Every structure is written in C-alpha cells, then in structure tokens.
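Here is the file data09.cif (mmCIF, C-alpha atoms and all ligand atoms).
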data_input
#
loop_
_atom_site.label_atom_id
_atom_site.label_comp_id
_atom_site.auth_asym_id
_atom_site.auth_seq_id
_atom_site.Cartn_x
_atom_site.Cartn_y
_atom_site.Cartn_z
CA MET A 84 -7.84 26.14 6.09
CA LEU A 85 -11.26 26.50 4.56
CA SER A 86 -14.59 27.43 6.06
CA HIS A 87 -17.00 24.58 6.52
CA ALA A 88 -19.12 25.98 3.67
CA GLU A 89 -16.14 26.15 1.29
CA ASN A 90 -15.17 22.60 2.18
CA GLU A 91 -18.71 21.45 1.39
CA LEU A 92 -18.58 23.29 -1.94
CA LEU A 93 -15.34 21.62 -3.02
CA THR A 94 -16.16 18.10 -1.91
CA ARG A 95 -19.84 17.42 -2.75
CA VAL A 96 -20.19 16.04 -6.26
CA GLY A 97 -23.68 14.57 -6.60
CA PRO A 98 -26.38 15.88 -8.97
CA GLY A 99 -27.37 19.44 -8.11
CA THR A 100 -24.14 20.37 -6.30
CA ALA A 101 -21.73 23.08 -7.44
CA MET A 102 -18.69 20.80 -7.78
CA GLY A 103 -20.91 18.13 -9.32
CA ALA A 104 -21.87 20.67 -12.00
CA LEU A 105 -18.21 21.55 -12.63
CA MET A 106 -17.19 17.89 -12.93
CA ARG A 107 -20.03 17.33 -15.39
CA CYS A 108 -18.45 19.85 -17.78
CA TYR A 109 -15.64 17.41 -18.63
CA TRP A 110 -15.05 13.91 -19.99
CA LEU A 111 -14.23 11.64 -17.04
CA PRO A 112 -13.00 8.04 -16.83
CA ALA A 113 -15.95 5.73 -16.14
CA LEU A 114 -14.26 2.31 -16.26
CA LEU A 115 -11.43 0.35 -17.84
CA SER A 116 -11.88 -1.34 -21.21
CA GLU A 117 -10.93 -4.66 -19.58
CA GLU A 118 -14.10 -4.53 -17.44
CA ILE A 119 -16.27 -5.01 -20.52
CA PRO A 120 -13.76 -6.78 -22.75
CA GLU A 121 -15.93 -7.97 -25.66
CA PRO A 122 -19.30 -7.55 -27.39
CA ASP A 123 -22.26 -8.98 -25.45
CA CYS A 124 -20.16 -9.59 -22.32
CA PRO A 125 -21.81 -9.20 -18.89
CA PRO A 126 -22.70 -5.62 -17.96
CA VAL A 127 -20.94 -4.02 -14.97
CA ARG A 128 -22.09 -1.58 -12.30
CA VAL A 129 -20.53 1.88 -12.44
CA ARG A 130 -21.07 4.51 -9.77
CA LEU A 131 -19.92 7.96 -10.81
CA LEU A 132 -20.53 11.39 -9.25
CA GLY A 133 -23.08 9.78 -6.94
CA GLU A 134 -25.11 8.27 -9.82
CA ASP A 135 -25.70 4.53 -10.18
CA LEU A 136 -25.12 3.37 -13.74
CA VAL A 137 -24.57 0.20 -15.76
CA ALA A 138 -21.98 -0.13 -18.52
CA PHE A 139 -22.20 -2.65 -21.34
CA ARG A 140 -20.67 -3.36 -24.76
CA ASP A 141 -23.31 -4.25 -27.32
CA SER A 142 -23.14 -6.83 -30.13
CA ASN A 143 -21.49 -4.28 -32.43
CA GLY A 144 -18.91 -3.27 -29.83
CA ARG A 145 -20.57 0.06 -29.01
CA ILE A 146 -20.38 1.08 -25.37
CA GLY A 147 -23.45 2.05 -23.36
CA LEU A 148 -23.56 3.72 -19.95
CA LEU A 149 -27.16 3.71 -18.73
CA GLY A 150 -28.97 4.63 -15.54
CA GLU A 151 -28.91 1.44 -13.47
CA HIS A 152 -32.64 1.32 -12.77
CA CYS A 153 -34.98 0.29 -15.56
CA ALA A 154 -37.24 3.07 -16.84
CA HIS A 155 -40.24 0.78 -16.42
CA ARG A 156 -40.33 -0.01 -12.69
CA GLY A 157 -36.77 0.23 -11.55
CA THR A 158 -35.24 -3.25 -11.66
CA SER A 159 -31.45 -3.12 -11.89
CA LEU A 160 -30.18 -3.39 -15.45
CA PHE A 161 -26.98 -4.93 -14.06
CA PHE A 162 -28.94 -8.19 -14.24
CA GLY A 163 -29.98 -7.43 -17.81
CA ARG A 164 -29.50 -9.68 -20.83
CA ASN A 165 -26.89 -8.15 -23.11
CA VAL A 166 -27.92 -9.59 -26.48
CA GLU A 167 -28.75 -8.47 -30.04
CA CYS A 168 -27.54 -4.90 -29.75
CA GLY A 169 -29.22 -3.92 -26.54
CA LEU A 170 -29.62 -4.51 -22.85
CA ARG A 171 -32.88 -6.21 -21.93
CA CYS A 172 -34.35 -5.89 -18.44
CA VAL A 173 -34.98 -9.29 -16.86
CA TYR A 174 -38.29 -8.23 -15.26
CA HIS A 175 -40.56 -7.49 -18.28
CA GLY A 176 -38.08 -7.56 -21.15
CA TRP A 177 -37.80 -3.87 -21.97
CA LYS A 178 -34.83 -3.41 -24.28
CA PHE A 179 -32.49 -0.38 -24.24
CA ASP A 180 -29.80 0.62 -26.73
CA VAL A 181 -26.54 2.44 -25.94
CA ASP A 182 -28.18 5.81 -26.64
CA GLY A 183 -30.95 5.24 -24.09
CA ASN A 184 -33.68 4.53 -26.64
CA VAL A 185 -36.31 2.04 -25.49
CA LEU A 186 -36.40 -0.33 -28.45
CA GLU A 187 -39.03 -2.78 -27.24
CA THR A 188 -41.63 -3.13 -24.49
CA PRO A 189 -42.74 -6.72 -25.18
CA ALA A 190 -45.30 -6.92 -22.36
CA GLU A 191 -47.32 -4.10 -23.96
CA PRO A 192 -50.11 -4.87 -26.47
CA LYS A 193 -49.01 -5.47 -30.06
CA GLY A 194 -48.65 -2.23 -32.01
CA SER A 195 -48.12 -0.07 -28.92
CA ASP A 196 -45.84 2.90 -29.60
CA PHE A 197 -45.44 3.59 -25.89
CA HIS A 198 -41.68 3.01 -26.13
CA ASN A 199 -41.23 5.82 -28.66
CA LYS A 200 -42.18 8.33 -26.00
CA LEU A 201 -39.53 7.18 -23.55
CA ARG A 202 -35.86 7.91 -23.13
CA HIS A 203 -33.61 6.40 -20.54
CA THR A 204 -30.57 8.07 -18.91
CA ALA A 205 -27.61 7.34 -21.19
CA TYR A 206 -24.23 9.05 -21.21
CA PRO A 207 -21.98 9.11 -24.30
CA CYS A 208 -18.72 7.16 -24.10
CA GLN A 209 -15.40 7.05 -25.90
CA GLU A 210 -12.58 4.58 -25.49
CA ILE A 211 -8.93 5.65 -25.53
CA ALA A 212 -5.77 3.93 -24.27
CA GLY A 213 -7.66 1.10 -22.55
CA MET A 214 -9.99 3.47 -20.70
CA ILE A 215 -13.63 4.38 -21.25
CA PHE A 216 -14.52 8.03 -20.76
CA THR A 217 -17.94 9.54 -20.38
CA TYR A 218 -19.52 12.96 -20.40
CA MET A 219 -22.40 13.46 -17.94
CA GLY A 220 -23.17 17.12 -18.58
CA ALA A 221 -25.68 18.99 -20.75
CA PRO A 222 -26.22 16.79 -23.81
CA GLU A 223 -26.58 19.77 -26.18
CA LYS A 224 -22.99 20.83 -25.81
CA PRO A 225 -20.47 18.05 -25.18
CA PRO A 226 -16.92 19.42 -25.14
CA LEU A 227 -14.08 17.86 -27.10
CA MET A 228 -11.73 15.60 -25.19
CA PRO A 229 -8.32 17.28 -24.98
CA ARG A 230 -5.62 15.25 -26.74
CA TYR A 231 -3.03 14.38 -24.13
CA GLU A 232 0.16 12.47 -24.77
CA TRP A 233 -1.59 9.12 -24.36
CA ALA A 234 -4.05 9.78 -27.16
CA GLY A 235 -1.20 9.25 -29.62
CA LEU A 236 0.43 6.17 -28.10
CA ASP A 237 0.41 2.70 -29.59
CA ALA A 238 -1.52 0.05 -27.67
CA GLY A 239 1.55 -1.41 -25.97
CA GLN A 240 2.86 1.94 -24.76
CA ALA A 241 -0.02 2.67 -22.39
CA TYR A 242 -1.21 0.52 -19.52
CA PRO A 243 -3.99 1.81 -17.27
CA VAL A 244 -4.75 0.47 -13.80
CA LYS A 245 -7.27 1.66 -11.26
CA SER A 246 -7.61 1.42 -7.50
CA TYR A 247 -10.34 2.14 -4.99
CA LEU A 248 -9.90 5.02 -2.57
CA GLU A 249 -12.12 5.22 0.50
CA CYS A 250 -12.29 8.99 0.76
CA ASN A 251 -13.26 12.10 -1.14
CA TYR A 252 -11.47 12.74 -4.44
CA LEU A 253 -9.99 16.06 -3.27
CA GLN A 254 -7.93 14.43 -0.53
CA GLY A 255 -6.45 12.18 -3.18
CA ILE A 256 -5.55 14.79 -5.72
CA GLU A 257 -4.30 17.28 -3.15
CA GLY A 258 -1.54 14.75 -2.50
CA ASP A 259 -0.40 15.08 -6.10
CA PHE A 260 -0.17 18.84 -5.70
CA ASP A 261 1.79 18.62 -2.45
CA SER A 262 5.44 18.15 -3.27
CA SER A 263 6.73 18.42 0.28
CA HIS A 264 5.23 15.11 1.46
CA THR A 265 7.36 13.07 -0.94
CA THR A 266 10.49 13.63 1.16
CA PHE A 267 8.78 11.98 4.13
CA LEU A 268 5.96 9.63 3.18
CA HIS A 269 7.79 8.18 0.17
CA ASN A 270 11.27 8.00 1.68
CA ASN A 271 11.91 4.28 1.28
CA ASP A 272 15.51 4.26 2.46
CA ILE A 273 15.84 6.34 5.58
CA GLN A 274 19.45 5.29 6.26
CA ASN A 275 20.92 6.02 2.88
CA ASN A 276 18.66 8.41 1.09
CA GLN A 277 20.93 11.37 1.38
CA THR A 278 19.48 13.10 -1.67
CA LEU A 279 16.05 13.38 -0.16
CA LYS A 280 17.35 13.97 3.34
CA ARG A 281 19.14 17.09 2.36
CA ASP A 282 16.19 19.33 1.73
CA GLY A 283 12.84 18.45 3.22
CA ALA A 284 11.62 22.03 2.97
CA PRO A 285 11.55 22.89 -0.73
CA THR A 286 10.77 26.29 -2.19
CA LEU A 287 7.26 26.08 -3.64
CA ASP A 288 5.25 27.87 -6.24
CA ALA A 289 1.96 27.45 -8.04
CA GLU A 290 1.22 28.96 -11.44
CA ASP A 291 -2.09 29.36 -13.25
CA THR A 292 -2.17 27.67 -16.65
CA ASN A 293 -4.74 27.31 -19.41
CA TYR A 294 -5.43 23.69 -18.33
CA GLY A 295 -5.50 24.35 -14.57
CA MET A 296 -2.37 24.91 -12.51
CA ARG A 297 1.12 23.61 -12.09
CA ALA A 298 3.03 23.18 -8.86
CA ILE A 299 6.76 23.77 -8.78
CA SER A 300 9.16 22.65 -6.11
CA VAL A 301 12.86 23.48 -5.91
CA ARG A 302 15.09 21.56 -3.50
CA ARG A 303 18.70 22.38 -2.72
CA LEU A 304 21.17 19.55 -3.33
CA GLY A 305 24.29 20.72 -1.55
CA ALA A 306 25.82 24.06 -2.50
CA GLU A 307 25.87 23.65 -6.26
CA ARG A 308 22.78 21.91 -7.50
CA ILE A 309 19.00 22.13 -7.31
CA TYR A 310 16.33 19.50 -7.93
CA VAL A 311 13.27 20.93 -9.67
CA ARG A 312 9.91 19.19 -10.16
CA THR A 313 6.79 20.49 -11.85
CA SER A 314 3.40 18.81 -11.44
CA PRO A 315 0.39 19.79 -13.52
CA TYR A 316 -3.13 19.83 -12.07
CA ILE A 317 -5.44 19.35 -15.00
CA MET A 318 -9.08 20.37 -14.72
CA PRO A 319 -11.20 19.03 -13.27
CA CYS A 320 -9.35 16.30 -11.27
CA PHE A 321 -6.38 14.95 -13.19
CA SER A 322 -2.65 15.20 -12.56
CA ILE A 323 0.76 14.15 -13.72
CA VAL A 324 3.47 13.48 -11.18
CA PRO A 325 7.16 12.99 -11.85
CA GLY A 326 9.10 9.94 -10.75
CA PRO A 327 12.13 10.01 -8.44
CA PRO A 328 14.97 12.42 -9.21
CA THR A 329 17.27 11.53 -12.08
CA GLU A 330 20.13 13.36 -13.69
CA LYS A 331 18.49 13.46 -17.09
CA PHE A 332 15.10 13.23 -18.77
CA ASP A 333 14.32 9.83 -20.18
CA GLU A 334 11.43 8.99 -22.53
CA ASN A 335 11.59 5.43 -21.22
CA ASP A 336 10.90 6.40 -17.62
CA ILE A 337 7.41 5.19 -16.75
CA ARG A 338 5.20 8.24 -16.46
CA GLY A 339 1.78 8.21 -14.85
CA PHE A 340 -1.17 10.34 -15.89
CA ARG A 341 -3.54 10.22 -12.94
CA PHE A 342 -7.30 10.70 -12.73
CA TRP A 343 -8.99 11.09 -9.34
CA VAL A 344 -12.60 10.35 -10.16
CA PRO A 345 -15.39 10.73 -7.60
CA ILE A 346 -17.53 7.64 -7.19
CA ASP A 347 -19.54 9.69 -4.71
CA ASP A 348 -18.66 12.16 -1.95
CA GLU A 349 -16.82 9.57 0.14
CA HIS A 350 -15.27 7.18 -2.40
CA SER A 351 -13.09 7.64 -5.45
CA TRP A 352 -11.25 5.81 -8.20
CA LEU A 353 -7.64 6.54 -8.84
CA TYR A 354 -6.86 5.68 -12.46
CA ILE A 355 -3.17 5.60 -13.29
CA LEU A 356 -2.40 5.55 -16.98
CA ASN A 357 1.17 4.25 -17.13
CA MET A 358 3.04 5.30 -20.26
CA ARG A 359 6.43 4.71 -21.73
CA LYS A 360 7.97 4.87 -25.17
CA GLN A 361 9.10 1.26 -25.07
CA PRO A 362 6.04 -1.05 -25.04
CA PHE A 363 5.29 -2.82 -21.76
CA ALA A 364 5.94 -6.57 -21.60
CA ASP A 365 3.32 -8.86 -20.01
CA GLN A 366 5.49 -9.36 -16.95
CA GLU A 367 5.84 -5.61 -16.45
CA ARG A 368 2.08 -5.18 -16.66
CA ALA A 369 1.69 -7.83 -13.98
CA VAL A 370 4.01 -5.85 -11.69
CA LEU A 371 2.20 -2.58 -12.44
CA ARG A 372 -1.03 -4.05 -11.13
CA SER A 373 0.43 -6.33 -8.47
CA TRP A 374 -0.67 -4.03 -5.61
CA ILE A 375 -4.34 -4.20 -6.63
CA GLU A 376 -6.85 -7.02 -6.13
CA PRO A 377 -8.97 -8.24 -9.08
CA ASP A 378 -11.84 -6.11 -7.73
CA TYR A 379 -9.53 -3.05 -7.80
CA ARG A 380 -9.21 -2.68 -4.03
CA ARG A 381 -5.67 -2.15 -2.85
CA LYS A 382 -4.05 -5.10 -1.10
CA ARG A 383 -2.84 -2.60 1.52
CA ASN A 384 -5.92 -0.72 2.55
CA LEU A 385 -7.76 1.04 5.37
CA HIS A 386 -9.11 -2.25 6.74
CA ASN A 387 -5.74 -3.92 7.32
CA ASP A 388 -3.84 -0.82 8.48
CA TYR A 389 -2.01 -0.88 5.14
CA ARG A 390 -0.06 -3.86 6.55
CA ILE A 391 2.24 -1.41 8.30
CA ASP A 392 5.49 -3.03 9.47
CA ARG A 393 6.90 -1.28 12.55
CA ASP A 394 10.30 -2.93 12.17
CA LEU A 395 10.61 -1.62 8.64
CA GLN A 396 9.45 1.75 9.89
CA ARG A 397 12.41 1.79 12.30
CA THR A 398 14.99 0.52 9.85
CA ARG A 399 14.16 1.44 6.26
CA LEU A 400 10.78 2.91 5.34
CA TYR A 401 9.69 6.27 6.70
CA SER A 402 6.04 5.17 6.47
CA GLY A 403 6.54 1.52 7.41
CA ILE A 404 4.37 0.69 4.39
CA GLU A 405 6.07 -1.29 1.65
CA ALA A 406 4.89 -0.06 -1.73
CA VAL A 407 5.08 -1.24 -5.32
CA ASN A 408 3.33 2.02 -6.17
CA PRO A 409 3.58 5.20 -4.05
CA ALA A 410 -0.23 5.33 -4.17
CA GLU A 411 -0.22 2.62 -1.49
CA GLN A 412 1.48 5.02 0.92
CA ASP A 413 -0.62 7.96 -0.29
CA GLY A 414 -3.73 5.89 0.46
CA CYS A 415 -2.77 5.72 4.14
CA ALA A 416 -2.14 9.47 4.30
CA THR A 417 -5.40 10.45 2.62
CA GLU A 418 -7.95 7.82 3.71
CA THR A 419 -7.04 8.16 7.38
CA MET A 420 -8.09 11.84 7.27
CA GLY A 421 -11.64 10.46 7.18
CA PRO A 422 -14.12 10.07 4.30
CA ILE A 423 -14.35 13.86 3.86
CA CYS A 424 -11.50 15.74 5.53
CA ASP A 425 -12.72 18.64 7.70
CA ARG A 426 -10.51 21.37 6.28
CA SER A 427 -11.79 23.90 8.82
CA GLN A 428 -9.61 22.12 11.40
CA GLU A 429 -6.29 22.27 9.54
CA HIS A 430 -3.19 24.31 10.39
CA LEU A 431 -1.62 25.21 7.08
CA GLY A 432 1.97 26.38 6.73
CA TYR A 433 4.37 27.40 3.98
CA SER A 434 4.60 23.80 2.77
CA ASP A 435 0.89 23.98 1.89
CA LYS A 436 1.32 26.94 -0.44
CA THR A 437 0.40 25.00 -3.58
CA ILE A 438 -2.62 23.37 -1.93
CA ILE A 439 -3.92 26.76 -0.86
CA ALA A 440 -3.53 28.07 -4.42
CA LEU A 441 -5.29 25.00 -5.81
CA ARG A 442 -8.32 25.34 -3.53
CA LYS A 443 -8.59 29.00 -4.43
CA MET A 444 -8.51 28.19 -8.13
CA LEU A 445 -11.24 25.55 -7.70
CA LEU A 446 -13.44 27.89 -5.64
CA ASN A 447 -13.03 30.55 -8.34
CA ALA A 448 -13.96 27.98 -10.97
CA LEU A 449 -17.19 27.21 -9.08
CA ARG A 450 -18.00 30.90 -8.84
CA ASP A 451 -17.33 31.43 -12.56
CA LEU A 452 -19.52 28.49 -13.51
CA ALA A 453 -22.35 29.81 -11.34
CA GLN A 454 -22.06 33.07 -13.30
CA GLY A 455 -22.37 31.21 -16.58
CA LYS A 456 -18.74 31.33 -17.71
CA ALA A 457 -17.28 28.27 -19.45
CA PRO A 458 -14.80 26.63 -17.06
CA ARG A 459 -11.10 26.57 -17.80
CA HIS A 460 -9.99 23.68 -20.03
CA THR A 461 -13.42 22.94 -21.49
CA ILE A 462 -12.60 22.70 -25.17
CA TYR A 463 -14.93 23.28 -28.08
CA HIS A 464 -12.52 24.01 -30.94
CA GLU A 465 -10.25 21.52 -32.64
CA ALA A 466 -7.43 24.09 -32.71
CA GLU A 467 -7.34 24.22 -28.90
CA ARG A 468 -7.32 20.51 -28.38
CA ASP A 469 -3.65 19.59 -28.46
CA PHE A 470 -2.13 18.94 -25.02
CA SER A 471 0.15 16.17 -26.19
CA ARG A 472 3.25 17.87 -24.80
CA LEU A 473 1.88 18.45 -21.33
CA ARG A 474 4.28 16.70 -18.96
CA SER A 475 5.45 16.63 -15.43
CA VAL A 476 9.12 17.43 -15.60
CA LYS A 477 11.94 17.01 -13.13
CA GLY A 478 15.66 17.46 -13.21
CA ILE A 479 18.82 18.18 -11.33
CA LEU A 480 20.31 21.49 -12.44
CA ALA A 481 23.12 23.82 -11.45
CA VAL A 482 22.21 26.47 -8.87
CA GLY A 483 21.15 29.66 -10.62
CA THR A 484 19.84 27.91 -13.77
CA ASP A 485 16.66 29.43 -15.18
CA TRP A 486 14.69 26.20 -15.04
CA HIS A 487 11.74 27.76 -16.91
CA LYS A 488 13.90 27.98 -20.02
CA ILE A 489 14.90 24.33 -19.84
CA PHE A 490 11.62 22.83 -18.65
CA ASP A 491 9.11 24.75 -20.69
CA GLY A 492 10.44 23.19 -23.87
CA LEU A 493 9.59 19.79 -22.39
CA GLY A 494 6.11 20.78 -21.32
CA ALA A 495 5.16 23.10 -24.11
CA ASN A 496 1.52 23.27 -23.09
CA ASP A 497 2.62 25.03 -19.93
CA ALA A 498 3.14 28.24 -21.85
S1 LIG A 501 -38.84 -3.22 -14.54
FE1 LIG A 501 -37.64 -3.44 -16.28
S2 LIG A 501 -38.99 -4.18 -17.77
FE2 LIG A 501 -40.21 -3.93 -16.02
FE FE A 502 2.49 10.83 -2.72
#
Take the structure from the file and write it as structure tokens.
Amino acid sequence: MLSHAENELLTRVGPGTAMGALMRCYWLPALLSEEIPEPDCPPVRVRLLGEDLVAFRDSNGRIGLLGEHCAHRGTSLFFGRNVECGLRCVYHGWKFDVDGNVLETPAEPKGSDFHNKLRHTAYPCQEIAGMIFTYMGAPEKPPLMPRYEWAGLDAGQAYPVKSYLECNYLQGIEGDFDSSHTTFLHNNDIQNNQTLKRDGAPTLDAEDTNYGMRAISVRRLGAERIYVRTSPYIMPCFSIVPGPPTEKFDENDIRGFRFWVPIDDEHSWLYILNMRKQPFADQERAVLRSWIEPDYRRKRNLHNDYRIDRDLQRTRLYSGIEAVNPAEQDGCATETMGPICDRSQEHLGYSDKTIIALRKMLLNALRDLAQGKAPRHTIYHEAERDFSRLRSVKGILAVGTDWHKIFDGLGANDA
C-alpha cells in the first residue's frame, strides 16, 4: 500500500504536478493518424495530461497540436476553419499555424504587427506507425523518440487501435505489470484450461532496466517444465505484454505494444499497437478493432456492467466477460476500483511484488526529477536510441533452465 500523499504524487498528471512534469519529459501518443486522415480535414479535440488541445493536419500535411482556446478571447479552435495552411478561429478570423504562430489578425487595423508579438500554445508532433506523438515538455530540450520495434515496420505490419478507460492511467498499466491476474481474470476456459490451472501462484521478480523495469513470472507446469513470461514497463507509461503460452517463439504471433496515456487524472487512453511480421489483412484489422466503438469507447464498458454473462461465468469464463481483447476484461478490473484507486486501503501480498517494485521506481523517478536529474529513458543521443529488440518474451522450458540465457537474446535491450 501507499500513503495517501504517495498515491496523489503518482496519479496527478496536470500542469504543475510532479507526475505531470515526469510525463512531460517524454514523447506521448496524442491521437491516431486516422483521426485526422488528410490535409485540411476537420480538426479534432485532444485532451492530454489535463490540457485541452486541438489537433489538425494543414494543407501541406503538417500536424498541429494547439491549445484549444483561441489566444484572442478564448473561442474553441475545434470549430476553426482548417484552410490554406492554418487554423482560423471562427470568431474574429485569427489564423494559427502548426507552430503556434499567429499569422493573421484580420479584425485589426491594416498594417498592425500585433500578431508578431503573440505565440499560441503548440506542441511538436511526429507520426509513426499510424500514431501521432507529441512532446509537451520544455521546448528548449525535446528528447529523441526511442526507436522501438515498430519504428522499423512496414505500413501493413503495424495496426494501432485505442480505447477509452474511465480511470487513472496507473490502474491500467499496473495490470500489465501484474502477471498473477492472468491466471484468473483471463481464464477463458475454466473447465479445460489445465495449463493455467496448474499454477496460479507464480514466482515473481522485477528487475531495473535502462528503459524502466521488467517483470518476470515463472509458473510450474507439472514436475518437468516451467512457463516463463517477461513484461517490460517502459518509461513513462508504456508496456509490452506477451500473448498466451506457446511452445515456441513465433514472429507471426500478434504482439501488442501498449501505451497508457493520461487524458486527465481520471481518464486515460489505452493505445495498443498491434504488430506482426506478416502484414494484417483488412478483415483482421476489422477484428482487432471490433471491441471498440467508432468513438473509441469499449462496447463492454463501465456503464453496461461489461455485459457480464453469469451463465458463462459459471460454465466457461472466469470473469463472465467475453473478450475479443483481454483489455475488455482488464477494463472491468481497473475501472471498478474507482476513478483514482485509493492505494492506502489495499492489502498487498506476495503476488503484488512487481507492483510494489514499480511504484517504488516511479516514486524514485519523481524524486530524481525534483532534484534536477534527467529521468531514466529520456534520450538525447542518437547512439542510445535503438530499442528495436525490446520484447516481451514467453516460453515453456525445462525445469532448471537458465531462462536469462535464452530470453535475453530475444530482448537484447534488457541487458
Ligand atoms: S476569439 Fe478567436 S479570433 Fe477572436
Ligand atoms: Fe490483463
């Protein structure tokens, strides 16, 4: 458990908060490319780290992420006219470019240079693998974006989706660093799932890494074999989780790189960047997003009790919640804790070992930042940028195998 003050420190992300400052040291997903698909398309609202913003793609295809409220008198730029390389406020026609320059103030007298003295909130953006990332920290020193596996994929090999989570980001990502819940919450065949049934109490470990941490779980499979999973936590709020157990590693397994991005203290986006060597077909993409509404809310959500089916809960599904994506079941576990879980009321046991380590690492990161140290995994040199081999790995091995030797070759950035 945490003290109330520690819980506040880890969960508050708005401007001026400690965690908000840490988050603002990194590039974060702001929206999907599909939300602003072409030049001069309608702008969209983006709320991120408690700030209200508007994203648009200008006539040249450049992406802008501006403060939502016009610098003149505050009208929402969501209603703006996205034409001729800028976003024009509908109230008095002020025109903004993607860098936050005020290009024109047409209601001012001819020859006025008023606009040259103004600058509007604008955050830099970059687009990779169908996602648009932004950096909201000190403009003098933007870090480099680490190059993860997906930076090198062809267009068809990556397919991002996002879904709305009605709780604080930390509840979401703690689930990815909590291996023991998978045996229960995600057991979708309670009669026959002998593999998972056998060891619901794995041996756990958490290791510090240069990108954050990694969680390790080892389950016994009978007398002779073990099932090992490793799950990276990537600063500040990203993760990779392995799929179900298989006998061998397969490049064509769908892997998910996950980003838990705070909208504000009580709402988050989960971005899942699906990746696979073999390009996704249209039909597969449709399945990958079939659990999400066009507005990115989950079909099974807090307001319909996740469509829990008590018959299925008795006969087949541990959770009673049918899921195309395990995130549908995770949503029930994390949202029903409340918008911001009160961690001073928890009763933590051995199975929470990795969560405890994670919270400690994050609290240390906040302390280091307050003392002026650059946070872990903020990258300023090209030579430190390559994280393309960072993976979540899993495998069934003989008892007594040194899994570090086998796995670390598959996740070389874990060194
Ligand atoms: S409020 Fe936007 S131009 Fe006046
Ligand atoms: Fe889960």
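For ligand LIG 501 (chain A), the neighbouring protein, DNA and RNA residues, which are those within 8 Å when all atoms listed in the file are counted, are His152, Cys153, Ala154, His155, Arg156, Gly157, Thr158, Ser159, Leu160, Arg171, Cys172, Val173, Tyr174, His175, Gly176, Trp177, Lys178 and Thr188 of chain A.
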Please extract the residues at most 12 Å from ligand FE 502 (chain A), counting all atoms listed in the file, and provide them as a ChimeraX atom specification, using the chain letters and residue numbers of this document.
/A:254-270,314,322-327,341,402,406,408-417
Can you pull out every residue within 12 Å of Asn199 in chain A, counting all atoms listed in the file, but drop anything in the same chain fewer than 5 positions away, and send it as a ChimeraX atom specification?
/A:179,183-188,194
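With all atoms listed in the file taken into account, the protein and nucleic acid residues at most 8 Å from range 424-433 of chain A (excluding it and anything under 4 positions from it in its own chain) are Met84, Leu85, Ser86, His87, Asn90, Asn251, Gln254 and Met420 of chain A.
Computed from the coordinates, the CA of Thr217 in chain A to CA of Arg383 in chain A distance equals 29.2 Å.
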Every residue with an atom at most 9 Å from (3.3, 3.6, -20.3) (file coordinates; all atoms listed in the file) is what I'm after, so could you write them as an MDAnalysis selection string?
chainID A and resid 233 236 239:243 335:339 356:363
For the point (-8.3, 9.1, -7.4) in file coordinates, what residues are within 6 Å, counting only C-alpha atoms? Give the answer as a ChimeraX atom specification?
/A:252,255,342-344,351-353
For the selection you just gave me, I'd like the residues written to a file as a short mmCIF file (atom, residue, chain, number, x, y, z; two decimals), in the frame of the given file, keeping C-alpha atoms.
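File written: result_1.cif
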data_model
loop_
_atom_site.label_atom_id
_atom_site.label_comp_id
_atom_site.auth_asym_id
_atom_site.auth_seq_id
_atom_site.Cartn_x
_atom_site.Cartn_y
_atom_site.Cartn_z
CA TYR A 252 -11.47 12.74 -4.44
CA GLY A 255 -6.45 12.18 -3.18
CA PHE A 342 -7.30 10.70 -12.73
CA TRP A 343 -8.99 11.09 -9.34
CA VAL A 344 -12.60 10.35 -10.16
CA SER A 351 -13.09 7.64 -5.45
CA TRP A 352 -11.25 5.81 -8.20
CA LEU A 353 -7.64 6.54 -8.84
#
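Here CA of Glu367 in chain A and CA of Ala212 in chain A stand 16.9 Å from one another.
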Where atoms are lacking, range 241-246 of chain A completed to all heavy atoms, as a PDB file, in the coordinates of the input:
ATOM      1  N   ALA A 241       0.812   2.155 -23.487  1.00  0.00           N
ATOM      2  CA  ALA A 241      -0.020   2.670 -22.390  1.00  0.00           C
ATOM      3  C   ALA A 241      -0.612   1.489 -21.633  1.00  0.00           C
ATOM      4  O   ALA A 241      -1.045   0.512 -22.247  1.00  0.00           O
ATOM      5  CB  ALA A 241      -1.143   3.546 -22.945  1.00  0.00           C
ATOM      6  N   TYR A 242      -0.600   1.584 -20.324  1.00  0.00           N
ATOM      7  CA  TYR A 242      -1.210   0.520 -19.520  1.00  0.00           C
ATOM      8  C   TYR A 242      -1.924   1.135 -18.318  1.00  0.00           C
ATOM      9  O   TYR A 242      -1.289   1.553 -17.355  1.00  0.00           O
ATOM     10  CB  TYR A 242      -0.158  -0.506 -19.074  1.00  0.00           C
ATOM     11  CG  TYR A 242      -0.787  -1.637 -18.296  1.00  0.00           C
ATOM     12  CD1 TYR A 242      -1.781  -2.427 -18.869  1.00  0.00           C
ATOM     13  CD2 TYR A 242      -0.416  -1.896 -16.984  1.00  0.00           C
ATOM     14  CE1 TYR A 242      -2.386  -3.448 -18.158  1.00  0.00           C
ATOM     15  CE2 TYR A 242      -1.018  -2.923 -16.256  1.00  0.00           C
ATOM     16  CZ  TYR A 242      -2.006  -3.694 -16.860  1.00  0.00           C
ATOM     17  OH  TYR A 242      -2.606  -4.688 -16.143  1.00  0.00           O
ATOM     18  N   PRO A 243      -3.260   1.197 -18.381  1.00  0.00           N
ATOM     19  CA  PRO A 243      -3.990   1.810 -17.270  1.00  0.00           C
ATOM     20  C   PRO A 243      -4.320   0.791 -16.173  1.00  0.00           C
ATOM     21  O   PRO A 243      -4.608  -0.368 -16.458  1.00  0.00           O
ATOM     22  CB  PRO A 243      -5.283   2.286 -17.946  1.00  0.00           C
ATOM     23  CG  PRO A 243      -5.506   1.343 -19.083  1.00  0.00           C
ATOM     24  CD  PRO A 243      -4.154   0.821 -19.506  1.00  0.00           C
ATOM     25  N   VAL A 244      -4.247   1.268 -14.929  1.00  0.00           N
ATOM     26  CA  VAL A 244      -4.750   0.470 -13.800  1.00  0.00           C
ATOM     27  C   VAL A 244      -5.658   1.396 -12.979  1.00  0.00           C
ATOM     28  O   VAL A 244      -5.616   2.607 -13.154  1.00  0.00           O
ATOM     29  CB  VAL A 244      -3.601  -0.058 -12.894  1.00  0.00           C
ATOM     30  CG1 VAL A 244      -2.709  -1.008 -13.663  1.00  0.00           C
ATOM     31  CG2 VAL A 244      -2.788   1.069 -12.289  1.00  0.00           C
ATOM     32  N   LYS A 245      -6.479   0.802 -12.132  1.00  0.00           N
ATOM     33  CA  LYS A 245      -7.270   1.660 -11.260  1.00  0.00           C
ATOM     34  C   LYS A 245      -7.313   1.071  -9.860  1.00  0.00           C
ATOM     35  O   LYS A 245      -7.143  -0.139  -9.688  1.00  0.00           O
ATOM     36  CB  LYS A 245      -8.675   1.901 -11.820  1.00  0.00           C
ATOM     37  CG  LYS A 245      -9.667   0.780 -11.650  1.00  0.00           C
ATOM     38  CD  LYS A 245     -11.031   1.248 -12.213  1.00  0.00           C
ATOM     39  CE  LYS A 245     -12.170   0.398 -11.748  1.00  0.00           C
ATOM     40  NZ  LYS A 245     -13.469   0.816 -12.291  1.00  0.00           N
ATOM     41  N   SER A 246      -7.510   1.912  -8.871  1.00  0.00           N
ATOM     42  CA  SER A 246      -7.610   1.420  -7.500  1.00  0.00           C
ATOM     43  C   SER A 246      -8.619   2.262  -6.726  1.00  0.00           C
ATOM     44  O   SER A 246      -8.832   3.442  -7.010  1.00  0.00           O
ATOM     45  CB  SER A 246      -6.244   1.429  -6.817  1.00  0.00           C
ATOM     46  OG  SER A 246      -5.846   2.731  -6.501  1.00  0.00           O
TER      47      SER A 246
END
